[in-house]
$ cat entry.txt   # compact mmCIF, C-alpha atoms
# COMPACT_ATOMS: atom_id res chain seq x y z
CA MET A 1 127.18 31.33 41.06
CA ALA A 2 125.00 28.29 41.70
CA SER A 3 123.49 30.04 44.72
CA SER A 4 122.53 33.08 42.63
CA ALA A 5 120.92 30.86 40.01
CA ARG A 6 118.93 28.99 42.68
CA ILE A 7 117.73 32.25 44.25
CA PHE A 8 116.76 33.59 40.83
CA THR A 9 114.82 30.43 39.96
CA ALA A 10 113.09 30.43 43.35
CA ALA A 11 112.01 34.04 42.83
CA LEU A 12 110.45 33.13 39.48
CA ILE A 13 108.62 30.15 40.98
CA VAL A 14 107.30 32.19 43.90
CA GLY A 15 106.16 34.92 41.53
CA ALA A 16 104.37 32.42 39.34
CA ALA A 17 102.75 30.70 42.32
CA PHE A 18 101.08 33.86 43.56
CA GLY A 19 99.82 35.02 40.19
CA SER A 20 96.33 34.22 39.01
CA PRO A 21 95.96 30.91 37.18
CA ALA A 22 96.03 31.18 33.40
CA SER A 23 96.02 28.71 30.57
CA ALA A 24 99.13 28.15 28.49
CA ALA A 25 97.37 29.77 25.54
CA ASP A 26 96.59 32.88 27.61
CA MET A 27 100.20 33.07 28.77
CA ALA A 28 101.55 32.61 25.25
CA GLN A 29 99.33 35.42 24.01
CA TYR A 30 100.39 37.68 26.91
CA PHE A 31 104.15 37.13 26.53
CA ALA A 32 104.30 37.06 22.71
CA GLY A 33 106.31 39.98 21.37
CA LYS A 34 107.14 41.33 24.83
CA THR A 35 110.43 41.77 26.65
CA VAL A 36 111.14 40.53 30.17
CA ASN A 37 113.60 42.80 31.98
CA VAL A 38 115.97 40.93 34.33
CA ILE A 39 117.42 43.38 36.86
CA VAL A 40 120.82 42.66 38.37
CA GLY A 41 121.92 44.88 41.24
CA SER A 42 125.60 44.81 40.34
CA THR A 43 127.93 45.73 37.51
CA PRO A 44 128.46 43.38 34.56
CA GLY A 45 130.95 40.57 35.06
CA GLY A 46 130.13 39.29 38.53
CA ALA A 47 128.48 36.03 39.57
CA ALA A 48 124.94 37.46 39.73
CA ASP A 49 125.35 39.06 36.31
CA PHE A 50 126.70 35.81 34.88
CA ALA A 51 123.78 33.80 36.30
CA ALA A 52 121.26 36.29 34.88
CA ARG A 53 122.89 36.21 31.44
CA MET A 54 122.85 32.41 31.37
CA TYR A 55 119.18 32.50 32.34
CA VAL A 56 118.44 35.06 29.60
CA LYS A 57 120.04 32.77 27.01
CA THR A 58 117.85 29.78 27.87
CA ALA A 59 114.57 31.17 29.27
CA PRO A 60 112.93 32.17 25.95
CA LYS A 61 112.82 28.50 24.91
CA TYR A 62 110.70 27.62 27.93
CA PHE A 63 108.37 30.60 28.29
CA PRO A 64 105.03 30.56 26.50
CA GLY A 65 104.97 33.13 23.72
CA LYS A 66 108.79 33.13 23.56
CA PRO A 67 109.34 36.67 24.89
CA ASN A 68 112.69 38.42 24.63
CA PHE A 69 114.78 38.69 27.79
CA VAL A 70 117.31 41.44 28.57
CA VAL A 71 119.63 42.01 31.51
CA GLN A 72 119.65 45.47 33.07
CA ASN A 73 122.47 46.19 35.52
CA ILE A 74 121.55 48.66 38.28
CA PRO A 75 124.49 48.66 40.72
CA GLY A 76 124.52 50.39 44.06
CA GLY A 77 123.98 49.72 47.74
CA GLY A 78 125.35 46.19 47.61
CA GLN A 79 122.63 45.14 45.11
CA LEU A 80 119.86 46.87 47.09
CA ARG A 81 119.29 49.57 44.46
CA GLY A 82 118.56 46.98 41.76
CA LEU A 83 116.27 45.04 44.09
CA GLN A 84 114.32 48.16 45.01
CA THR A 85 113.99 49.08 41.33
CA GLY A 86 112.58 45.65 40.58
CA MET A 87 110.17 45.76 43.51
CA SER A 88 108.94 49.21 42.44
CA SER A 89 108.21 48.08 38.89
CA LYS A 90 104.74 47.45 37.52
CA PRO A 91 103.54 43.98 38.67
CA ASP A 92 102.93 42.72 35.14
CA GLY A 93 105.35 39.77 35.06
CA LEU A 94 107.74 41.58 32.74
CA THR A 95 110.35 42.54 35.35
CA VAL A 96 112.40 40.17 37.48
CA ALA A 97 115.00 41.23 40.05
CA LEU A 98 117.64 39.01 41.59
CA VAL A 99 117.49 38.91 45.38
CA HIS A 100 120.71 38.47 47.31
CA SER A 101 120.14 36.35 50.43
CA ARG A 102 121.43 39.11 52.72
CA TRP A 103 118.44 41.29 51.79
CA ALA A 104 115.95 38.49 52.39
CA VAL A 105 117.48 37.80 55.81
CA GLY A 106 117.62 41.52 56.62
CA SER A 107 113.95 41.89 55.77
CA ILE A 108 113.03 38.89 57.92
CA LEU A 109 114.94 40.48 60.80
CA GLY A 110 112.98 43.72 60.40
CA GLU A 111 115.45 45.85 58.44
CA ASP A 112 113.71 48.60 56.43
CA LEU A 113 114.66 47.96 52.80
CA GLY A 114 112.22 50.29 51.11
CA PRO A 115 109.74 48.52 48.85
CA PHE A 116 111.28 45.09 49.51
CA ASN A 117 109.67 43.22 52.38
CA VAL A 118 109.51 39.42 52.44
CA ARG A 119 106.33 39.56 54.51
CA THR A 120 104.43 41.32 51.74

$ encode --input "entry.txt" --output "structure tokens"
Amino acid sequence: MASSARIFTAALIVGAAFGSPASAADMAQYFAGKTVNVIVGSTPGGAADFAARMYVKTAPKYFPGKPNFVVQNIPGGGQLRGLQTGMSSKPDGLTVALVHSRWAVGSILGEDLGPFNVRT
């Protein structure tokens, strides 16, 4: 579980680092009243789902604008289906997908994982 939480947090940090800089007021205005969809590529009850649900309980306190957070389970393909759904979503900061380390390693080794590619 701790590994899933670390991967999830790292994904959020990387996503924030590559976005355009914005002031806290701009971010609060953007996120206010919106919902952030957290995609988990497995069924409810597993370690990844548990980590996402713990994140969803605490994240609103720390995000500007206090958006709502919901977990969406999209099982299939050993979590690949959920990851691909997240990667295909609109790049607006309102969708986050957990990345299992096996997909990151597979992508680094050249495996074709659809829209997920660590090089891009």

$ atom_distance --input "entry.txt" --atom1 "CA of Pro91 (chain A)" --atom2 "CA of Val36 (chain A)"
11.9 Å

$ atom_distance --input "entry.txt" --atom1 "CA of Gly65 (chain A)" --atom2 "CA of Ala47 (chain A)"
28.5 Å

$ atom_distance --input "entry.txt" --atom1 "CA of Met87 (chain A)" --atom2 "CA of Gln29 (chain A)"
24.6 Å

$ residues_around --input "entry.txt" --residues "Gly76 (chain A)" --least-positions-apart "2" --cutoff "9 Å" --atoms "all atoms listed in the file" --output "JSON, numbers by chain"
{"A": [41, 42, 43, 74, 78, 79, 80, 81, 82]}

$ closest_residue --input "entry.txt" --among "A:Phe116, A:Phe69, A:Ala52, A:Ser23" --to "Gly86 (chain A)" --atoms "only C-alpha atoms"
A:Phe116

$ closest_residue --input "entry.txt" --among "A:Ser101, A:Asn37, A:Asn117, A:Thr85" --to "Val71 (chain A)" --atoms "all atoms listed in the file"
A:Asn37

$ closest_residue --input "entry.txt" --among "A:Leu98, A:Leu83, A:Met27, A:Val118" --to "Tyr55 (chain A)" --atoms "only C-alpha atoms"
A:Leu98

$ axis_aligned_box --input "entry.txt" --around "region 40-49 of chain A" --padding-each-side "5 Å" --output "JSON"
{"center_x": 125.9, "center_y": 40.9, "center_z": 37.9, "size_x": 20.1, "size_y": 19.7, "size_z": 16.7}
